[in-house]
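Novice: Here you go, one structure.
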Amino acid sequence: MKEPRNNTIRRINSGFINTLKIWLREYQVIFTDVGVIIVMIAAPLVYPVLYSLIYKPEIITDMPIAVVDLSKSADSRQFTRQLNATQELKVAYIATSMNEGIEQFKLRNIRGIIEIPKSFSKDIAQGNQTNISAYADMEFFLYYKTLLLGTSFVTLETGKQIQVRNLMQQGETLNEADAAVNPILIEDTSVANAVGGFATYAIPVALMLIIQQTMILAIGIMAGTARERHAMGTLVPLDKNKLGTFRQVIGKGAAYFTIYAMMSVYLLGIIPQIFGYYRLANFNELAALITPFLLSCIFFGMTISVLFKNRESPMLLFLFTSFPLFFLSGIIWPLSNFSNIWLIVREVFPSSNAVMGYIKMNTLGATITETSREITALWIQTGIYFLTACLVYYVQVKLSESKGKEINTSPITSIKHKIAGRLSVN
Amino acid sequence: MKSILLNILKVARRETERMLSRKLYILTVLIFPVATILFFCSLMKEGVPTKMPIAVVDLDNTATSRKMARNIDVTPLSDVVMNLQSEKEAMSALKSGKIYGFIVLPENLQSDIMTSRQPIVRYYYHNGLFIAGGLLRNDFASMTNTLSAGISLQRGEMRGLPEIAVMSQIQPVQLCTHLLFNPTANYPTYVTTIILPIMMQIFILMITVYCIGIEIKEKTSREWLKASGKSVVVALTGKLLPYTVIFLVLMMFQNFMVYKILMVPMHAGIGCITMASLLFILAYQAIGIFCIGLLPLMRHSLNLAAFYGILALSLCGFSFPTESMSPVFQLWAYGFPVRHYMHIFQSQVLAGFGWVYSAGSFISLVAFLLLPLVIINRLKSALIYQNFIENIHKTDALAAQA
C-alpha cells in the first residue's frame, strides 16, 4: 500500500468496500424503522391478499331483477323461470306494471327490469317477432353487462326453440332449417379472461402498482427521515467514506433490489398460485420484465426522493398518484383513445409499461419479443433514471461536502465539536 | 359564545399562516387536487372509446369476403388498421398490443354460403382490457350477426319473402335494451363522477392527519391549544375550517367540471349537491381526526389513513359491486363516506329520485361526524402532554453500534 501505483487499486477497493457498507447499512435503516417495514414489507404482503379476497367473486351472480310480466301467460312464466335459472340473474320481484318495477329499483331492491310485452304469447303463436325490453341499471358498468349477458342468453335460447318449432311445422329438417336461419355460424373467442372476471382485470395492475408505489414511498420516507436525522439536514450523511455518488446510488439500489426481488417472487409467483390467476409467463419471461421494472422504480424513487424534505412528505405528495396511475396503465380506458399528453405522462412512470407488459406475458401468453416494446421502454427508463439518480445524489453529495467544510471552518468551536461528535456516530 | 367564535377565527388565521409557510400545503390542497380533476376529466372526454384498432384476416379473398371486410370497418367503435394473411400473425399482433381484436373470414367462405354449408366466422378480442374487451365483443357480435342476417334477408328477398317475415324467422325474440335514468351510456358518467371524490378523500384524509400530527411532532401543540382558549373542539374547528373552505371550493370546481363541462345529467339542485359535498368533506375530516387521535404518532396515523383511503376504490362498490362481495367487505363498505356520497349522486343527482331515497345516505354521512368524539380525550392528552414524540436520533445511535 506504500507505493503510489497501488493508489488506484486502493481507491477501487475502498469504493467497493464502501458500496458494500452502504448496501448493508441500508438494510439496517430499513429493518430498524417500523414505518418503512410497514410500507416496504407489510403492505406488499397484505394488499394482494386483501384485493384478492375483495374481488374473489370475480363475476356477479344472482343479480336481483324485477320482471314486469304484462303477458301473464304460460310462455311468459316459462321465460321468467329461464331468467331465474341463469347464473347471472335472480328474479326477485314480479311486477304487474312498469311503475311497480321502478319503485323497487328506487328502493335498491333490484338492479334491472325485464319487461315481457302483452302480446308475447300471441306473437310466438303467430310467428311474429316479439320484443323483450331490458332496463339496465347504469350505476355500474358491471350491472349492465350482467343483465345483458343473462337476458340475451335466455332470449336466444327461447328464440331458437321457436325457430325450430316453426320450421319443423313447415316440414324442413333441422339442419336445413338451421342453415336457412344462420347462413354463417359465429364463434366468439375471448383471448384471456373468458368469464370476464373482475380480479383478472384488476389484480395484475394492482400487483405492479403495489411494487412501484410501496418502493417509491419507502425510499421517500427514508430520504425524508435521513434529512431529519442528519445534523445539517442533508440527504447524504457527512461521512467521507460514504461521499461517493456511485457508492450511494449502487449501494442503496442493491439493498432495495434484493428486497423487492424476493417480494416479486411472492407477488408474482405465490399470489397467482394461491388465488388461481393466470400464470402463462415462465420465470425467465417474468424476470426479463421485472428486472428493468424494479431497477427503473428504484432509480426513479431515488431521483424524486430528493424532493421529500420530511418523513411524512411522500404520503402527502405521492400516495395519491396510485389512482391516476391505475388509469394510465391503459387497461381501463384503452390506450388507443389516450390523448398525446397523457401518453407522454404515461411514459414517465415505470408502472405503465410494467402493467401492460405483465398482462401481455402473463394473461395473454405473449413472448419476450412480443413484449419488447414494454421491456425496451423499461430499460430506457432504467438508464434515464439511473443518470438522474446519480445527478441528484451528486448534487446532494456536493452539498454535504460543502456543509462539511462549512462546519470545519466555523469559528464557533463548541458547535463544531458538537456536530463533529454526531458525524463520528455516522 | 363570542369569544369562542373569536378563538376559532384566531386558530383559523394561525393555520392559514402555517399553510402559506410551506409548499407542501399548497401542493396537497391546491395544485395536486386540481391536476387530478383535470386529468380525470380529460382522460375520458370522448365518452365512449372510438376507433379501437382491430384487424381482419381474410383467408377467402373472394368478392363476398372483401365486401364483408369493408362492412366491418364502418362501426365507429373500431377501426381496421391491418389486413392480415394468417390467424397466427393476427394473434401475435394482438399479443404485442397493436390491435385489440380481430375477425377471421374462413377459407371457402363464399362457396360455403352458396351451398348452405354454414362457414364459421370467428372473432377474437383482448379481454385483459376492461372496457375495450367488452365493447369489442359486443361490436364483433353485432357486426357478425348483421352479416349473417344480411345474407338471410337477401335470400328471403330472392324467395319473395317480406323483410319482416325474414326477421321474425331469424330472431323470433328480439331484445331491446334501455338504460334506466342515465340516457347517456358514456364512461365519464359512471367513472369520472366517482373517481373524483375517491381522489379527493385521499387529499382530505392526508392533510387532516398531517396538519394535526405536525403540531404534535414539532411540539407546537400547546401553543395551538393556547390560541384556542384551551378547548380542543375550538382548536380542531379553527384548524380544519380553512381546509373545509378550500375543499368545498375544490369540490364545487369538480362539480362544475362534471356537470357543466362533461355534461353529466344533473337532476338535483345546486343546494343538494353543495350539501352532499360539504358533508362528504366533514365526514373525511372527522375520520382524519379519528386516525390521528387513535395513533398520535403521525407516521403511524398517516399509514393508517393511507391504508384506509386507498381501499376506498375497491370497497366503495364502484369498481365491483359490494353486493357480490363477502359479508365482511359488505359491512366494511359502509365505513366509507364516499360510498354514501356515491349513492346520493346516483339516486338523487343522476336519476332524479326524491330526497326520501337518499335520506339514509345523508344520515350515514352525518353519523361519521360523531367519530372524533370517541377519541377526543386521547387526542387532547396527546396535545397537552406531548407524549407521542418520536425519537429522531434513534437510528444514528444504532448506526454507532454497527
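Chain lettering (A, B, ...) mirrors the order of the C-alpha cells, residue numbering begins at 1 for each chain separately, and ligand numbering begins at 1 in order of display.
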I'd like the neighbourhood of Pro188 in chain B as a list in words, where a residue qualifies if any of its atoms comes within 7 Å (using only C-alpha atoms), though same-chain residues fewer than 5 positions away should be ignored.
Specialist: Met44, Gly47 and Thr193 of chain B
Novice: Please dump the current selection as a short mmCIF file (atom, residue, chain, number, x, y, z; two decimals), in the first residue's frame; keep C-alpha atoms.
Specialist:
```cif
data_model
loop_
_atom_site.label_atom_id
_atom_site.label_comp_id
_atom_site.auth_asym_id
_atom_site.auth_seq_id
_atom_site.Cartn_x
_atom_site.Cartn_y
_atom_site.Cartn_z
CA MET B 44 -62.28 10.00 -20.94
CA GLY B 47 -67.32 9.41 -23.51
CA THR B 193 -68.02 11.16 -11.27
#
```
Novice: Within 6 Å of chain B, which residues of chain A are there when counting only C-alpha atoms? Please give them as a compact mmCIF listing (two decimals) with all heavy atoms, in the first residue's frame.
Specialist:
```txt
# COMPACT_ATOMS: atom_id res chain seq x y z
N ILE A 60 -70.54 -11.18 -11.22
CA ILE A 60 -71.76 -11.01 -10.44
C ILE A 60 -72.67 -12.20 -10.70
O ILE A 60 -72.94 -12.56 -11.84
CB ILE A 60 -72.47 -9.71 -10.85
CG1 ILE A 60 -71.55 -8.53 -10.59
CG2 ILE A 60 -73.79 -9.55 -10.12
CD1 ILE A 60 -72.07 -7.24 -11.14
N ASN A 128 -94.78 -14.03 -35.20
CA ASN A 128 -94.31 -12.64 -35.33
C ASN A 128 -93.11 -12.41 -34.42
O ASN A 128 -92.95 -13.11 -33.42
CB ASN A 128 -95.42 -11.67 -34.91
CG ASN A 128 -96.59 -11.72 -35.86
OD1 ASN A 128 -96.42 -12.05 -37.04
ND2 ASN A 128 -97.77 -11.42 -35.35
N GLN A 129 -92.33 -11.40 -34.78
CA GLN A 129 -91.20 -11.07 -33.92
C GLN A 129 -91.72 -10.37 -32.66
O GLN A 129 -92.58 -9.49 -32.74
CB GLN A 129 -90.24 -10.13 -34.64
CG GLN A 129 -88.92 -10.00 -33.94
CD GLN A 129 -87.95 -9.18 -34.76
OE1 GLN A 129 -88.34 -8.24 -35.43
NE2 GLN A 129 -86.69 -9.56 -34.71
N THR A 130 -91.23 -10.81 -31.52
CA THR A 130 -91.69 -10.19 -30.27
C THR A 130 -90.52 -9.48 -29.58
O THR A 130 -89.37 -9.86 -29.78
CB THR A 130 -92.33 -11.26 -29.36
OG1 THR A 130 -92.92 -10.61 -28.25
CG2 THR A 130 -91.31 -12.27 -28.87
N ASN A 131 -90.83 -8.46 -28.83
CA ASN A 131 -89.78 -7.62 -28.22
C ASN A 131 -89.74 -7.76 -26.72
O ASN A 131 -90.73 -7.53 -26.04
CB ASN A 131 -90.05 -6.15 -28.53
CG ASN A 131 -89.48 -5.77 -29.87
OD1 ASN A 131 -88.30 -5.97 -30.13
ND2 ASN A 131 -90.32 -5.27 -30.75
N ILE A 132 -88.58 -8.13 -26.22
CA ILE A 132 -88.36 -8.14 -24.78
C ILE A 132 -87.56 -6.88 -24.45
O ILE A 132 -86.55 -6.61 -25.10
CB ILE A 132 -87.55 -9.38 -24.36
CG1 ILE A 132 -88.31 -10.67 -24.62
CG2 ILE A 132 -87.11 -9.29 -22.90
CD1 ILE A 132 -89.46 -10.93 -23.67
N SER A 133 -88.01 -6.11 -23.47
CA SER A 133 -87.26 -4.91 -23.12
C SER A 133 -86.48 -5.13 -21.83
O SER A 133 -87.03 -5.61 -20.85
CB SER A 133 -88.20 -3.72 -22.92
OG SER A 133 -88.83 -3.44 -24.14
N ALA A 134 -85.21 -4.78 -21.88
CA ALA A 134 -84.37 -4.88 -20.68
C ALA A 134 -83.99 -3.48 -20.25
O ALA A 134 -83.46 -2.70 -21.04
CB ALA A 134 -83.13 -5.71 -20.99
N TYR A 135 -84.30 -3.13 -19.01
CA TYR A 135 -83.94 -1.81 -18.48
C TYR A 135 -82.77 -2.01 -17.53
O TYR A 135 -82.91 -2.64 -16.49
CB TYR A 135 -85.13 -1.17 -17.78
CG TYR A 135 -86.25 -0.85 -18.73
CD1 TYR A 135 -87.19 -1.82 -19.06
CD2 TYR A 135 -86.35 0.41 -19.32
CE1 TYR A 135 -88.22 -1.54 -19.94
CE2 TYR A 135 -87.37 0.69 -20.21
CZ TYR A 135 -88.30 -0.28 -20.52
OH TYR A 135 -89.30 0.00 -21.41
N ALA A 136 -81.65 -1.46 -17.90
CA ALA A 136 -80.43 -1.74 -17.14
C ALA A 136 -80.11 -0.59 -16.19
O ALA A 136 -80.34 0.56 -16.50
CB ALA A 136 -79.27 -1.97 -18.08
N ASP A 137 -79.57 -0.95 -15.05
CA ASP A 137 -79.06 0.00 -14.09
C ASP A 137 -77.73 0.50 -14.62
O ASP A 137 -76.81 -0.28 -14.81
CB ASP A 137 -78.87 -0.74 -12.75
CG ASP A 137 -78.39 0.18 -11.67
OD1 ASP A 137 -78.00 1.31 -11.99
OD2 ASP A 137 -78.39 -0.25 -10.51
N GLY A 159 -85.63 -18.00 -28.56
CA GLY A 159 -85.73 -17.78 -29.99
C GLY A 159 -85.46 -19.05 -30.77
O GLY A 159 -86.18 -19.39 -31.71
N ALA A 179 -79.58 -23.93 -41.28
CA ALA A 179 -78.76 -23.29 -42.30
C ALA A 179 -79.48 -22.10 -42.91
O ALA A 179 -78.86 -21.10 -43.29
CB ALA A 179 -78.39 -24.29 -43.38
N VAL A 181 -81.63 -20.14 -41.34
CA VAL A 181 -81.68 -19.04 -40.37
C VAL A 181 -80.28 -18.48 -40.07
O VAL A 181 -80.10 -17.27 -39.93
CB VAL A 181 -82.36 -19.52 -39.07
CG1 VAL A 181 -82.32 -18.44 -38.02
CG2 VAL A 181 -83.80 -19.90 -39.36
N PRO A 183 -76.98 -18.51 -41.89
CA PRO A 183 -76.10 -18.85 -43.02
C PRO A 183 -74.62 -18.86 -42.59
O PRO A 183 -73.81 -19.55 -43.20
CB PRO A 183 -76.37 -17.75 -44.04
CG PRO A 183 -77.04 -16.66 -43.30
CD PRO A 183 -77.75 -17.29 -42.15
N ILE A 184 -74.28 -18.10 -41.55
CA ILE A 184 -72.91 -18.11 -41.03
C ILE A 184 -72.97 -18.50 -39.57
O ILE A 184 -73.85 -18.01 -38.84
CB ILE A 184 -72.27 -16.71 -41.13
CG1 ILE A 184 -72.25 -16.22 -42.57
CG2 ILE A 184 -70.87 -16.69 -40.56
CD1 ILE A 184 -71.76 -14.79 -42.70
N LEU A 185 -72.09 -19.37 -39.14
CA LEU A 185 -72.00 -19.65 -37.72
C LEU A 185 -70.95 -18.70 -37.12
O LEU A 185 -69.94 -18.41 -37.75
CB LEU A 185 -71.60 -21.09 -37.46
CG LEU A 185 -72.64 -22.13 -37.89
CD1 LEU A 185 -72.12 -23.53 -37.57
CD2 LEU A 185 -73.97 -21.89 -37.21
N ILE A 186 -71.21 -18.24 -35.92
CA ILE A 186 -70.29 -17.27 -35.32
C ILE A 186 -69.64 -17.87 -34.09
O ILE A 186 -70.30 -18.50 -33.27
CB ILE A 186 -71.06 -15.97 -34.97
CG1 ILE A 186 -71.54 -15.32 -36.26
CG2 ILE A 186 -70.18 -15.02 -34.18
CD1 ILE A 186 -72.75 -14.47 -36.08
N GLU A 187 -68.34 -17.71 -34.01
CA GLU A 187 -67.61 -18.25 -32.87
C GLU A 187 -66.93 -17.12 -32.12
O GLU A 187 -66.14 -16.38 -32.69
CB GLU A 187 -66.58 -19.26 -33.38
CG GLU A 187 -66.17 -20.27 -32.34
CD GLU A 187 -65.23 -21.29 -32.95
OE1 GLU A 187 -65.73 -22.22 -33.60
OE2 GLU A 187 -64.01 -21.13 -32.79
N ASP A 188 -67.30 -17.01 -30.85
CA ASP A 188 -66.79 -15.92 -30.02
C ASP A 188 -65.62 -16.45 -29.19
O ASP A 188 -65.78 -17.39 -28.43
CB ASP A 188 -67.95 -15.46 -29.13
CG ASP A 188 -67.54 -14.45 -28.07
OD1 ASP A 188 -66.73 -14.77 -27.19
OD2 ASP A 188 -68.08 -13.33 -28.12
N THR A 189 -64.43 -15.86 -29.37
CA THR A 189 -63.27 -16.33 -28.60
C THR A 189 -62.66 -15.18 -27.82
O THR A 189 -62.20 -14.20 -28.40
CB THR A 189 -62.20 -16.92 -29.53
OG1 THR A 189 -62.85 -17.78 -30.45
CG2 THR A 189 -61.18 -17.70 -28.74
N SER A 190 -62.67 -15.33 -26.52
CA SER A 190 -62.02 -14.33 -25.69
C SER A 190 -60.56 -14.72 -25.53
O SER A 190 -60.27 -15.84 -25.14
CB SER A 190 -62.72 -14.28 -24.34
OG SER A 190 -61.88 -13.69 -23.40
N VAL A 191 -59.66 -13.81 -25.87
CA VAL A 191 -58.25 -14.08 -25.62
C VAL A 191 -58.00 -13.62 -24.19
O VAL A 191 -58.03 -12.43 -23.91
CB VAL A 191 -57.35 -13.30 -26.60
CG1 VAL A 191 -55.89 -13.66 -26.37
CG2 VAL A 191 -57.76 -13.60 -28.02
N ALA A 192 -57.85 -14.56 -23.31
CA ALA A 192 -57.68 -14.30 -21.87
C ALA A 192 -59.02 -13.94 -21.23
O ALA A 192 -59.88 -13.34 -21.85
CB ALA A 192 -56.70 -13.15 -21.61
N ASN A 193 -59.16 -14.33 -19.99
CA ASN A 193 -60.29 -13.91 -19.17
C ASN A 193 -61.65 -14.18 -19.82
O ASN A 193 -62.46 -13.28 -19.98
CB ASN A 193 -60.16 -12.42 -18.86
CG ASN A 193 -60.94 -12.02 -17.63
OD1 ASN A 193 -61.52 -12.89 -16.97
ND2 ASN A 193 -60.96 -10.76 -17.31
N TYR A 201 -58.94 -8.66 -14.43
CA TYR A 201 -58.60 -7.35 -14.99
C TYR A 201 -57.74 -6.55 -14.02
O TYR A 201 -56.75 -5.94 -14.39
CB TYR A 201 -59.87 -6.52 -15.22
CG TYR A 201 -60.82 -7.01 -16.27
CD1 TYR A 201 -62.11 -7.41 -15.94
CD2 TYR A 201 -60.45 -7.05 -17.61
CE1 TYR A 201 -63.00 -7.84 -16.91
CE2 TYR A 201 -61.33 -7.49 -18.58
CZ TYR A 201 -62.61 -7.87 -18.23
OH TYR A 201 -63.48 -8.29 -19.18
N ARG A 229 -32.65 13.44 10.38
CA ARG A 229 -31.70 12.89 11.35
C ARG A 229 -30.28 13.41 11.19
O ARG A 229 -29.49 13.34 12.10
CB ARG A 229 -31.70 11.36 11.26
CG ARG A 229 -32.94 10.84 11.92
CD ARG A 229 -33.10 9.38 11.82
NE ARG A 229 -34.38 9.04 12.45
CZ ARG A 229 -34.97 7.89 12.34
NH1 ARG A 229 -34.42 6.93 11.64
NH2 ARG A 229 -36.12 7.67 12.94
N LEU A 316 -48.04 12.51 1.61
CA LEU A 316 -48.88 13.62 1.17
C LEU A 316 -48.69 13.93 -0.30
O LEU A 316 -49.63 14.32 -0.98
CB LEU A 316 -48.58 14.88 2.01
CG LEU A 316 -49.26 14.88 3.37
CD1 LEU A 316 -48.29 14.60 4.47
CD2 LEU A 316 -50.01 16.17 3.58
N ILE A 331 -55.38 -0.30 -19.00
CA ILE A 331 -56.26 -1.46 -19.04
C ILE A 331 -57.72 -1.06 -18.79
O ILE A 331 -58.63 -1.83 -19.05
CB ILE A 331 -55.85 -2.59 -18.06
CG1 ILE A 331 -56.21 -2.22 -16.63
CG2 ILE A 331 -54.42 -2.99 -18.20
CD1 ILE A 331 -57.06 -3.28 -16.03
N ILE A 332 -57.97 0.13 -18.26
CA ILE A 332 -59.36 0.58 -18.08
C ILE A 332 -59.78 1.30 -19.36
O ILE A 332 -60.56 0.78 -20.15
CB ILE A 332 -59.49 1.51 -16.86
CG1 ILE A 332 -58.89 0.87 -15.61
CG2 ILE A 332 -60.94 1.91 -16.64
CD1 ILE A 332 -59.70 -0.25 -15.02
N PRO A 334 -58.90 2.40 -23.01
CA PRO A 334 -57.90 1.88 -23.95
C PRO A 334 -56.91 2.94 -24.41
O PRO A 334 -57.27 4.10 -24.62
CB PRO A 334 -58.73 1.36 -25.12
CG PRO A 334 -60.06 2.00 -24.98
CD PRO A 334 -60.27 2.30 -23.54
N SER A 336 -55.63 3.41 -27.17
CA SER A 336 -55.90 3.99 -28.49
C SER A 336 -56.71 5.27 -28.36
O SER A 336 -56.78 6.05 -29.30
CB SER A 336 -56.66 2.98 -29.35
OG SER A 336 -57.86 2.58 -28.72
N LYS A 360 -49.67 -8.72 -20.90
CA LYS A 360 -49.36 -9.38 -22.18
C LYS A 360 -48.74 -10.75 -21.94
O LYS A 360 -49.16 -11.75 -22.49
CB LYS A 360 -48.36 -8.54 -22.97
CG LYS A 360 -48.97 -7.41 -23.74
CD LYS A 360 -47.85 -6.82 -24.53
CE LYS A 360 -48.24 -5.58 -25.29
NZ LYS A 360 -47.06 -5.06 -26.00
N ALA A 366 -47.93 -13.69 -24.20
CA ALA A 366 -47.02 -13.11 -25.19
C ALA A 366 -45.57 -13.51 -24.86
O ALA A 366 -45.23 -13.77 -23.70
CB ALA A 366 -47.14 -11.59 -25.18
N GLU A 370 -42.68 -10.31 -28.26
CA GLU A 370 -43.95 -9.59 -28.38
C GLU A 370 -44.12 -8.53 -27.30
O GLU A 370 -44.96 -7.64 -27.40
CB GLU A 370 -45.13 -10.58 -28.33
CG GLU A 370 -45.31 -11.33 -29.64
CD GLU A 370 -46.09 -12.64 -29.48
OE1 GLU A 370 -46.24 -13.14 -28.35
OE2 GLU A 370 -46.53 -13.17 -30.50
N THR A 371 -43.32 -8.64 -26.24
CA THR A 371 -43.38 -7.66 -25.16
C THR A 371 -42.21 -6.69 -25.25
O THR A 371 -41.96 -5.91 -24.33
CB THR A 371 -43.36 -8.38 -23.79
OG1 THR A 371 -44.11 -9.58 -23.90
CG2 THR A 371 -43.99 -7.55 -22.69
N VAL A 425 -20.48 9.48 14.88
CA VAL A 425 -21.50 8.46 15.08
C VAL A 425 -21.91 7.86 13.73
O VAL A 425 -22.05 6.66 13.57
CB VAL A 425 -22.73 9.08 15.80
CG1 VAL A 425 -23.90 8.11 15.78
CG2 VAL A 425 -22.36 9.43 17.22
```
Novice: Residues at most 12 Å from Ala382 in chain B, counting only C-alpha atoms, excluding those fewer than 4 positions away in the same chain, as a list of chain:residue names?
Specialist: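 With the cut-off at 12 Å, the set is B:Ile212, B:Gly213, B:Glu215, B:Ile216, B:Lys217, B:Lys219, B:Thr220, B:Ser221, B:Arg222, B:Leu225, B:Val232, B:Ile292, B:Gly293, B:Leu294, B:Leu295, B:Pro296, B:Leu297, B:Met298, B:Ile375, B:Ile376, B:Asn377, B:Arg378, B:Gln386, B:Asn387, B:Phe388, B:Ile389.
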Novice: Could you give me, as number ranges by chain, the residues within 7 Å of Asp69 in chain A, counting only C-alpha atoms and dropping anything in the same chain fewer than 4 positions from it?
Specialist: A: 76, 94-96, 115-116
Novice: Would you compute the distance between CA of Gln104 in chain A and CA of Ser152 in chain A? Give it in Å to one decimal.
Specialist: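 Taking CA of Gln104 in chain A and CA of Ser152 in chain A, their separation equals 22.5 Å.
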Novice: Leaving out range 16-21 of chain A and any residue of its chain fewer than 6 positions from it, which residues lie within 9 Å of it when counting only C-alpha atoms, given as JSON, numbers by chain?
Specialist: {"A": [241, 242, 244, 246, 247, 248, 249, 250, 251, 252]}
Novice: Could you list, as a PyMOL selection string, every residue within 7 Å of Phe299 in chain A, counting only C-alpha atoms and ignoring same-chain residues fewer than 5 positions away?
Specialist: chain A and resi 382+385-386+389
Novice: Generate the output file for the selected residues, N, CA and C atoms, as a tab-separated table (two decimals), in the first residue's frame.
Specialist:
```
chain	number	residue	atom	x	y	z
A	382	THR	N	-34.83	2.82	-16.97
A	382	THR	CA	-33.77	2.47	-16.03
A	382	THR	C	-32.54	3.34	-16.28
A	385	TYR	N	-33.31	7.10	-15.44
A	385	TYR	CA	-33.45	7.36	-14.02
A	385	TYR	C	-32.17	7.04	-13.24
A	386	PHE	N	-31.34	6.14	-13.78
A	386	PHE	CA	-30.04	5.92	-13.14
A	386	PHE	C	-29.22	7.20	-13.23
A	389	ALA	N	-30.76	9.79	-10.96
A	389	ALA	CA	-30.48	9.46	-9.55
A	389	ALA	C	-29.04	9.84	-9.22
```
Novice: Between CA of Asp33 in chain A and CA of Pro48 in chain A, what is the distance, to one decimal in Å?
Specialist: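 Atom-to-atom, CA of Asp33 in chain A and CA of Pro48 in chain A are spaced 22.7 Å apart.
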Novice: Identify, on the basis of only C-alpha atoms, every residue whose closest approach to Leu235 in chain A does not exceed 8 Å; exclude the query and any residue fewer than 4 positions from it along the same chain; express the result as a PyMOL selection string.
Specialist: chain A and resi 223-224+226-227+230+306+396+400
Novice: Among range 151-378 of chain A, which ones does DSSP place in alpha helix (DSSP H), written as a PyMOL selection string?
Specialist: chain A and resi 151-169+174-181+198-229+245-264+271-275+283-305+313-317+322-328+340-346+350-358+372-378
Novice: Mind giving me the straight-line distance from CA of Ser264 in chain A to CA of Gln381 in chain A in Å, one decimal?
Specialist: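 Rounded to one decimal, the two atoms are 19.4 Å apart.
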Novice: Got a sec to tell me which of range 88-247 of chain A DSSP assigns to strand (DSSP E), as a list in words?
Specialist: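 Taking range 88-247 of chain A and keeping strand (DSSP E) gives Leu89, Lys90, Val91, Ala92, Tyr93, Ile94, Ala95, Gly112, Ile113, Ile114, Glu115, Ile116, Thr130, Asn131, Ile132, Ser133, Ala134, Tyr135, Ala136, Asp137, Leu185, Ile186, Glu187, Asp188, Thr189, Ser190 and Val191 of chain A.
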Novice: Using only C-alpha atoms, which of A:Thr291, A:Ser352, A:Ser329, A:Gln87 sits nearest Val195 in chain A?
Specialist: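 Among the listed residues, the smallest separation from Val195 in chain A belongs to A:Gln87.
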Novice: For Asn138 in chain B, which of B:Thr75, B:Met158, B:Gly238, B:Phe253 is the closest residue, counting only C-alpha atoms?
Specialist: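 Under the stated criterion, the closest residue is B:Thr75.
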Novice: May I ask which of the residues A:Gly233, A:Ala218, A:Asn175, A:Lys398 is the closest one to Phe31 in chain A, counting only C-alpha atoms?
Specialist: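 Among A:Gly233, A:Ala218, A:Asn175, A:Lys398, it is A:Ala218 that comes nearest to Phe31 in chain A.
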Novice: Tell me which of B:Leu371, B:Leu38, B:Ala90, B:Ala276 sits closest to Ala359 in chain B, counting only C-alpha atoms.
Specialist: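 Among the listed residues, B:Ala276 lies closest to Ala359 in chain B.
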Novice: Identify which of the residues A:Phe320, A:Glu401, A:Glu312, A:Pro292 lies closest to Pro350 in chain A, counting only C-alpha atoms when measuring atom-to-atom distances.
Specialist: A:Pro292
